[in-house]
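Chemist: My questions will all concern the structure given below.
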Amino acid sequence: MTEIGFTELTVIISAVLIFFSIVFGIVRLVIGPDTVDRVVAIDLLTIVTIALIALLAHQAERYIYLDVGLVYGLLSFLGVLAVARYLEGGL
Amino acid sequence: MIKRIIIFIMLGLMAMIFFNLASNYVENESLLKLGRYYAEKGPQELGAPNLVTAVVVTYRGLDTLGEVTVLFISAAGVGLLLRRTRRKQNDEDLEKADRREERAGVHKPASEIVETATQLLLPMVILFGIYVFINGHLSPGGGFQGGAIIASGTMFLLLALPESHISRILIAVTESLSGFSYVVIGVLGVILAGGFLDNRILGLGEYGDLFSAGAIPLIYCFIGLKVGFELSAVLDRFRKDDTGPEKT
Amino acid sequence: MYISILVLLTLVLCAGILLSALLAVILKNNVGAIVSAGLASLFASVVYVVLAAPDVAMTEASIGSGLTTMIFLYAIRKTQGIDTTSRENK
Amino acid sequence: MIPDIPISLIALCCGLALILIGLWGMLTQRNMIRIIIGFSLIDTGIHMVMVSIGYVTGGTAPIINDSVPLAEAVKRIVDPVPSALVLTAIVIGLGVTSVMLSFAVRIYKARKTLMIDELTESKL
């Protein structure tokens with residue numbers, strides 16, 4: 001096997017971690033018996049997705065993709081807040 | 001039961017069509033003719049690094065004008081369908097009624113954490129929206145995305161402070177002014193440059209600068225303001241609590 | 001190696017899209033269905049980043065996944081009442 | 001290892017399957033809100049199909065700056081035209097969805113139901 005540099009190793013490990021996080025998040029989404037469980041799963045998936053976009057920006061060597069991650073950071077707060085306010089009856 | 005069989009057969013037929021489409025699909029190895037033209041000529045002609053922006057604002061600018069019109073019509077349709085059934089047609093009267101309703105406290109107030117976080121975050125969200133549509137020609141983003149982010153800021157405000165009041169008159173004035181300016185810039189393109197919505201009425205500037213690419217940042221600012229205020233108006237319409245039975 | 005990782009991630013994302021779309025159709029609970037449809041949009045926008053279209057990804061994230069969910073939530077708040085969830089999937 | 005499937009083929013198949021799922025939801029559900037959810041799923045599926053058709057092998061975003069110089073642009077970028085079309089289609093999708101939802105709210109106000117089975121007077 002050829003020698004793998006530190007950056008490549010980091011990329012591979014983070015890709016594996018993101019992969020498993022997405023899988024576990026989807027499992028929680030599917031089996032979650034209540035809406036609150038699903039909302040928590042969606043919050044997790046949004047945060048993991050920001051990491052995935054940063055990884056993709058590094059892998060494609062286009063750092064302008066990071067702007068998309070900023071929008072996600074906004075949404076991860078907004079979406080959960082909206083559903084939570086709906087469930088407590090304040091929307 | 002018969003209905004289910006018919007649905008099943010129909011979905012099966014569509015799946016067959018889609019399977020044919022997907023099995024004959026070959027990934028493009030190079031750009032098609034139109035895309036190649038835009039990639040070769042776009043940066044010199046218009047001075048915009050983001051080719052999607054160049055296509056949306058200038059090459060297909062008339063489509064975008066039509067699309068903004070469609071959005072305006074749908075916002076007006078939502079306003080028409082969810083209008084008050086009272087006899088007060090006057091804007092001031094409606095606003096007074098809104099204020100009364102909001103003082104009466106129809107909505108449950110948010111917790112203190114949410115309120116504080118929103119007061120901290122709201123200016124930054126609006127600033128981010130403005131960043132997105134001013135930099136539309138340099139980085140991904142543009143008027144539609146920036147407008148949607150500004151509408152998300154409105155959404156934050158409505159979620160955290162349900163008693164807050166959004167002025168109908170401000171929305172109407174801003175929306176009309178930005179739409180009007182958009183069309184005026186388009187007509188100026190006919191007079192001063194090559195055609196409707198031509199961006200070369202201003203100098204192209206240095207390639208990659210903030211103030212470059214002619215009128216593209218200006219046009220995207222107007223589109224962003226228009227889309228942002230329209231979507232805010234749609235959200236405000238959906239928020240108003242008048243679920244009582246309709247009097248006819 | 002990179003290419004295989006990318007293909008794998010795309011496969012997982014597409015599986016996520018299809019699963020959440022199925023949930024959006026199957027679930028009895030309206031709020032759960034709306035949230036699942038929003039998640040399908042969210043994953044679709046990551047697929048757009050993989051397909052090198054960041055403009056579309058930004059639009060889909062802010063409009064398809066953000067504002068559409070809000071408008072759906074407002075609409076079901078306004079239509080809560082006698083029989084919104086009682087007789088589905090007859 | 002994993003077979004080397006083109007990325008755009010995966011996205012294309014996913015978009016087509018999404019269209020089928022949304023259509024199934026639209027045809028089988030009886031609640032108006034669920035029908036509109038099916039419509040928005042179809043919308044997302046069509047956008048995925050259009051974007052994946054514009055993909056070029058190994059392409060990068062059509063934004064020409066320091067990392068993609070002008071001379072190499074034609075060989076490296078993806079097609080900007082489908083991106084621009086989808087960009088406008090998403091915004092129009094939101095407009096159409098909000099008009100449909102306001103119709104649903106209006107029908108609910110008038111008839112106190114969202115089930116399409118009970119709105120029979122327009123049936124022949």
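How things are named: the first chain in the structure tokens is A, the next is B, and so on; residues count from 1 in each chain; ligands count from 1 in the order shown.
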Could you give me, as JSON lines, a per-residue list for chain D showing, wherever an atom lies at most 12 Å from an atom of chain A, the closest pair of atoms and their distance in Å to one decimal, using only C-alpha atoms and sorting by chain then residue number from low to high?

Modeler:
{"residue": "D:Gly58", "atom": "CA", "partner": "A:Ala60", "partner_atom": "CA", "distance": 9.6}
{"residue": "D:Gly59", "atom": "CA", "partner": "A:Ala60", "partner_atom": "CA", "distance": 9.4}
{"residue": "D:Thr60", "atom": "CA", "partner": "A:Ala60", "partner_atom": "CA", "distance": 7.4}
{"residue": "D:Ala61", "atom": "CA", "partner": "A:Arg62", "partner_atom": "CA", "distance": 8.1}
{"residue": "D:Pro62", "atom": "CA", "partner": "A:Arg62", "partner_atom": "CA", "distance": 10.8}
{"residue": "D:Ile63", "atom": "CA", "partner": "A:Ile64", "partner_atom": "CA", "distance": 8.9}
{"residue": "D:Ile64", "atom": "CA", "partner": "A:Arg62", "partner_atom": "CA", "distance": 10.5}
{"residue": "D:Asn65", "atom": "CA", "partner": "A:Arg62", "partner_atom": "CA", "distance": 9.6}
{"residue": "D:Asp66", "atom": "CA", "partner": "A:Arg62", "partner_atom": "CA", "distance": 9.6}
{"residue": "D:Ser67", "atom": "CA", "partner": "A:Arg62", "partner_atom": "CA", "distance": 7.0}
{"residue": "D:Val68", "atom": "CA", "partner": "A:Arg62", "partner_atom": "CA", "distance": 8.8}
{"residue": "D:Arg76", "atom": "CA", "partner": "A:Ala60", "partner_atom": "CA", "distance": 11.6}
{"residue": "D:Ile77", "atom": "CA", "partner": "A:Arg62", "partner_atom": "CA", "distance": 11.9}

Chemist: Since we have the selection now, will you write its residues out, keeping N, CA and C atoms, as a compact mmCIF listing (two decimals), in the first residue's frame?

Modeler:
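Resulting contents of again_12.txt:
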# COMPACT_ATOMS: atom_id res chain seq x y z
N GLY D 58 -16.33 14.59 -13.66
CA GLY D 58 -15.24 15.27 -12.97
C GLY D 58 -15.36 16.77 -12.96
N GLY D 59 -16.55 17.28 -13.16
CA GLY D 59 -16.70 18.73 -13.26
C GLY D 59 -16.70 19.41 -11.91
N THR D 60 -16.49 20.72 -11.95
CA THR D 60 -16.56 21.52 -10.74
C THR D 60 -17.52 22.68 -10.99
N ALA D 61 -17.76 23.49 -9.96
CA ALA D 61 -18.80 24.50 -10.05
C ALA D 61 -18.48 25.54 -11.12
N PRO D 62 -19.48 26.06 -11.84
CA PRO D 62 -19.21 27.05 -12.90
C PRO D 62 -18.93 28.45 -12.34
N ILE D 63 -17.96 28.55 -11.46
CA ILE D 63 -17.56 29.84 -10.91
C ILE D 63 -16.07 29.99 -11.19
N ILE D 64 -15.73 30.96 -12.02
CA ILE D 64 -14.36 31.02 -12.53
C ILE D 64 -13.58 32.01 -11.69
N ASN D 65 -12.76 31.48 -10.76
CA ASN D 65 -11.89 32.36 -9.96
C ASN D 65 -10.50 31.75 -9.94
N ASP D 66 -9.75 31.98 -8.87
CA ASP D 66 -8.34 31.58 -8.86
C ASP D 66 -8.14 30.07 -9.03
N SER D 67 -9.04 29.28 -8.44
CA SER D 67 -8.80 27.83 -8.49
C SER D 67 -9.21 27.23 -9.82
N VAL D 68 -10.04 27.91 -10.60
CA VAL D 68 -10.35 27.45 -11.96
C VAL D 68 -10.06 28.61 -12.91
N ARG D 76 -13.31 22.08 -17.36
CA ARG D 76 -13.50 21.65 -15.98
C ARG D 76 -14.88 21.94 -15.39
N ILE D 77 -15.62 22.88 -15.94
CA ILE D 77 -16.87 23.24 -15.26
C ILE D 77 -18.04 22.39 -15.74

Chemist: Check which residues of segment 24-74 of chain D sit at most 8 Å from segment 6-28 of chain C using only C-alpha atoms, and return one row each with the closest pair of atoms and their distance in Å to one decimal, ordered by chain and rising number, as CSV.

Modeler:
residue,atom,partner,partner_atom,distance
D:Gly25,CA,C:Val25,CA,5.4
D:Arg34,CA,C:Val25,CA,7.4
D:Ile37,CA,C:Ala24,CA,7.6
D:Gly38,CA,C:Val25,CA,7.2
D:Leu41,CA,C:Ala21,CA,7.1

Chemist: Which residues are close to Ser74 of chain B, i.e. within 8 Å by only C-alpha atoms, leaving aside same-chain residues fewer than 5 positions away? Reply as a PyMOL selection string.

Modeler: chain D and resi 95-96+98-99

Chemist: Using only C-alpha atoms, determine which residues lie at most 9 Å from Ser21 of chain A, disregarding the query and same-chain residues fewer than 6 positions distant; provide the list as a VMD selection string.

Modeler: chain A and resid 44 to 45 48

Chemist: Write a file of the selected residues as an mmCIF file, in the first residue's frame, keeping N, CA and C atoms.

Modeler:
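Result saved to selection-v9.cif:
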data_model
loop_
_atom_site.group_PDB
_atom_site.id
_atom_site.type_symbol
_atom_site.label_atom_id
_atom_site.label_comp_id
_atom_site.auth_asym_id
_atom_site.auth_seq_id
_atom_site.Cartn_x
_atom_site.Cartn_y
_atom_site.Cartn_z
ATOM 1 N N LEU A 44 -29.573 16.496 14.305
ATOM 2 C CA LEU A 44 -28.292 15.791 14.170
ATOM 3 C C LEU A 44 -27.843 15.741 12.720
ATOM 4 N N LEU A 45 -28.774 15.391 11.821
ATOM 5 C CA LEU A 45 -28.393 15.226 10.412
ATOM 6 C C LEU A 45 -27.962 16.556 9.805
ATOM 7 N N VAL A 48 -24.382 17.195 10.977
ATOM 8 C CA VAL A 48 -23.452 16.305 10.286
ATOM 9 C C VAL A 48 -23.267 16.751 8.841
#

Chemist: Using only C-alpha atoms, I'd like every residue of chain B that has an atom within 6 Å of chain C; please write them out as a list of chain:residue names.

Modeler: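 In the required form, that comes to B:Pro140, B:Gly141, B:Gln145.
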
Chemist: Provide the atom CA of Glu175 of chain B to atom CA of Phe128 of chain B distance in Å, to one decimal place.

Modeler: 19.9 Å

Chemist: Counting only C-alpha atoms, which residues of chain D come no farther than 9 Å from chain B, as number ranges by chain?

Modeler: D: 6-9, 12-13, 16-17, 20, 23-24, 27-28, 52-58, 61-65, 70-71, 73-81, 83-85, 87-89, 91-92, 94-96, 98-103, 105-106, 109-112

Chemist: Fewer than 5 positions away in the same chain doesn't count, so skip those; otherwise give me all residues within 6 Å of Phe133 of chain B, counting only C-alpha atoms, as a list in words.

Modeler: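 Selected residues are Gly142, Gly143 and Gly146 of chain B.
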
Chemist: Just the helix (DSSP H, G or I) stuff from segment 159-248 of chain B, please, per backbone DSSP, written as a ChimeraX atom specification.

Modeler: /B:159-160,168-192,216-239

Chemist: Would you mind reading off the distance between atom CA of Glu88 of chain A and atom CA of Thr35 of chain A, one decimal, in Å?

Modeler: 12.6 Å

Chemist: Dump as CSV the rows for residues of chain A within 9 Å of chain B: closest atom pair and distance in Å with one decimal, only C-alpha atoms counted, ordered by chain and rising residue number.

Modeler:
residue,atom,partner,partner_atom,distance
A:Ile64,CA,B:Ser139,CA,6.2
A:Tyr65,CA,B:Pro140,CA,7.4
A:Asp67,CA,B:Pro140,CA,7.1
A:Val68,CA,B:Pro140,CA,7.8
A:Leu70,CA,B:Phe128,CA,8.9
A:Val71,CA,B:Ile149,CA,8.0
A:Leu74,CA,B:Val125,CA,7.7
A:Leu75,CA,B:Ser152,CA,8.5
A:Leu78,CA,B:Phe156,CA,7.0
A:Leu81,CA,B:Leu159,CA,7.8
A:Ala82,CA,B:Leu159,CA,6.8
A:Arg85,CA,B:Leu159,CA,7.1
A:Glu88,CA,B:Lys108,CA,8.3
A:Gly89,CA,B:Lys108,CA,6.5
A:Gly90,CA,B:Lys108,CA,4.5
A:Leu91,CA,B:Leu159,CA,6.3

Chemist: Could the residues in this selection be saved with N, CA, C and O atoms as a PDB file, in the first residue's frame?

Modeler:
ATOM      1  N   ILE A  64     -15.414  28.079  -2.038  1.00  0.00           N
ATOM      2  CA  ILE A  64     -16.657  28.833  -2.082  1.00  0.00           C
ATOM      3  C   ILE A  64     -17.856  27.959  -1.747  1.00  0.00           C
ATOM      4  O   ILE A  64     -18.912  28.475  -1.437  1.00  0.00           O
ATOM      5  N   TYR A  65     -17.680  26.615  -1.739  1.00  0.00           N
ATOM      6  CA  TYR A  65     -18.795  25.765  -1.333  1.00  0.00           C
ATOM      7  C   TYR A  65     -19.164  25.991   0.122  1.00  0.00           C
ATOM      8  O   TYR A  65     -20.263  25.629   0.548  1.00  0.00           O
ATOM      9  N   ASP A  67     -20.015  28.554   1.618  1.00  0.00           N
ATOM     10  CA  ASP A  67     -21.174  29.433   1.790  1.00  0.00           C
ATOM     11  C   ASP A  67     -22.450  28.628   1.988  1.00  0.00           C
ATOM     12  O   ASP A  67     -23.349  29.038   2.720  1.00  0.00           O
ATOM     13  N   VAL A  68     -22.533  27.465   1.318  1.00  0.00           N
ATOM     14  CA  VAL A  68     -23.716  26.622   1.472  1.00  0.00           C
ATOM     15  C   VAL A  68     -23.817  26.139   2.908  1.00  0.00           C
ATOM     16  O   VAL A  68     -24.894  26.075   3.498  1.00  0.00           O
ATOM     17  N   LEU A  70     -22.883  27.739   5.506  1.00  0.00           N
ATOM     18  CA  LEU A  70     -23.409  28.818   6.349  1.00  0.00           C
ATOM     19  C   LEU A  70     -24.929  28.816   6.359  1.00  0.00           C
ATOM     20  O   LEU A  70     -25.565  28.994   7.402  1.00  0.00           O
ATOM     21  N   VAL A  71     -25.524  28.595   5.170  1.00  0.00           N
ATOM     22  CA  VAL A  71     -26.990  28.544   5.107  1.00  0.00           C
ATOM     23  C   VAL A  71     -27.520  27.405   5.964  1.00  0.00           C
ATOM     24  O   VAL A  71     -28.528  27.538   6.668  1.00  0.00           O
ATOM     25  N   LEU A  74     -27.677  28.303   9.555  1.00  0.00           N
ATOM     26  CA  LEU A  74     -28.868  29.098   9.849  1.00  0.00           C
ATOM     27  C   LEU A  74     -30.088  28.199   9.990  1.00  0.00           C
ATOM     28  O   LEU A  74     -30.881  28.327  10.931  1.00  0.00           O
ATOM     29  N   LEU A  75     -30.209  27.231   9.052  1.00  0.00           N
ATOM     30  CA  LEU A  75     -31.410  26.396   9.009  1.00  0.00           C
ATOM     31  C   LEU A  75     -31.505  25.472  10.198  1.00  0.00           C
ATOM     32  O   LEU A  75     -32.599  25.189  10.666  1.00  0.00           O
ATOM     33  N   LEU A  78     -33.256  27.339  12.755  1.00  0.00           N
ATOM     34  CA  LEU A  78     -34.604  27.780  12.397  1.00  0.00           C
ATOM     35  C   LEU A  78     -35.603  26.625  12.358  1.00  0.00           C
ATOM     36  O   LEU A  78     -36.699  26.717  12.917  1.00  0.00           O
ATOM     37  N   LEU A  81     -36.373  25.179  15.788  1.00  0.00           N
ATOM     38  CA  LEU A  81     -37.127  26.177  16.556  1.00  0.00           C
ATOM     39  C   LEU A  81     -38.581  26.227  16.096  1.00  0.00           C
ATOM     40  O   LEU A  81     -39.504  26.274  16.923  1.00  0.00           O
ATOM     41  N   ALA A  82     -38.789  26.167  14.767  1.00  0.00           N
ATOM     42  CA  ALA A  82     -40.161  26.254  14.259  1.00  0.00           C
ATOM     43  C   ALA A  82     -40.984  25.059  14.715  1.00  0.00           C
ATOM     44  O   ALA A  82     -42.113  25.232  15.192  1.00  0.00           O
ATOM     45  N   ARG A  85     -41.694  25.327  18.447  1.00  0.00           N
ATOM     46  CA  ARG A  85     -42.725  26.312  18.760  1.00  0.00           C
ATOM     47  C   ARG A  85     -44.095  25.808  18.328  1.00  0.00           C
ATOM     48  O   ARG A  85     -45.094  26.086  18.970  1.00  0.00           O
ATOM     49  N   GLU A  88     -45.269  23.374  21.030  1.00  0.00           N
ATOM     50  CA  GLU A  88     -45.721  23.961  22.287  1.00  0.00           C
ATOM     51  C   GLU A  88     -46.894  24.910  22.082  1.00  0.00           C
ATOM     52  O   GLU A  88     -47.410  25.452  23.039  1.00  0.00           O
ATOM     53  N   GLY A  89     -47.300  25.116  20.830  1.00  0.00           N
ATOM     54  CA  GLY A  89     -48.512  25.871  20.586  1.00  0.00           C
ATOM     55  C   GLY A  89     -48.327  27.354  20.432  1.00  0.00           C
ATOM     56  O   GLY A  89     -49.243  28.115  20.671  1.00  0.00           O
ATOM     57  N   GLY A  90     -47.129  27.787  20.041  1.00  0.00           N
ATOM     58  CA  GLY A  90     -46.908  29.218  19.969  1.00  0.00           C
ATOM     59  C   GLY A  90     -46.720  29.747  18.563  1.00  0.00           C
ATOM     60  O   GLY A  90     -46.411  30.913  18.385  1.00  0.00           O
ATOM     61  N   LEU A  91     -46.861  28.882  17.559  1.00  0.00           N
ATOM     62  CA  LEU A  91     -46.532  29.316  16.194  1.00  0.00           C
ATOM     63  C   LEU A  91     -47.564  30.308  15.688  1.00  0.00           C
ATOM     64  O   LEU A  91     -48.745  30.045  15.768  1.00  0.00           O
TER      65      LEU A  91
END

Chemist: Can you tell me, as a VMD selection string, what residues are no more than 7 Å from Ile116 of chain D when counting only C-alpha atoms, ignoring any on the same chain fewer than 5 positions away?

Modeler: chain D and resid 30 to 32

Chemist: Take the selection from the previous step and output its residues with N, CA, C and O atoms, as a tab-separated table (two decimals), in the first residue's frame.

Modeler:
chain	number	residue	atom	x	y	z
D	30	ARG	N	-55.73	10.76	1.07
D	30	ARG	CA	-57.04	11.39	0.99
D	30	ARG	C	-57.07	12.76	1.65
D	30	ARG	O	-58.04	13.48	1.54
D	31	ASN	N	-55.99	13.09	2.36
D	31	ASN	CA	-55.92	14.39	3.04
D	31	ASN	C	-55.24	15.40	2.11
D	31	ASN	O	-54.24	15.09	1.48
D	32	MET	N	-55.79	16.61	2.04
D	32	MET	CA	-55.27	17.57	1.07
D	32	MET	C	-53.83	17.97	1.37
D	32	MET	O	-53.02	18.13	0.46

Chemist: Measuring atom to atom with only C-alpha atoms, identify which of A:Ala84, A:Thr7, A:Leu56, A:Ile13 is nearest to chain C.

Modeler: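 The answer is A:Leu56, which sits nearest to chain C.
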
Chemist: For Ile76 of chain C, which residue among C:Leu51, C:Val46, C:Ile5, C:Val31 is the nearest when counting only C-alpha atoms?

Modeler: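 Going through C:Leu51, C:Val46, C:Ile5, C:Val31 one by one, the smallest distance to Ile76 of chain C is for C:Val31.
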
Chemist: Using Å and a single decimal, report how far atom CA of Thr46 of chain A sits from atom CA of Gly224 of chain B.

Modeler: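 Separating atom CA of Gly224 of chain B from atom CA of Thr46 of chain A is a distance of 25.4 Å.
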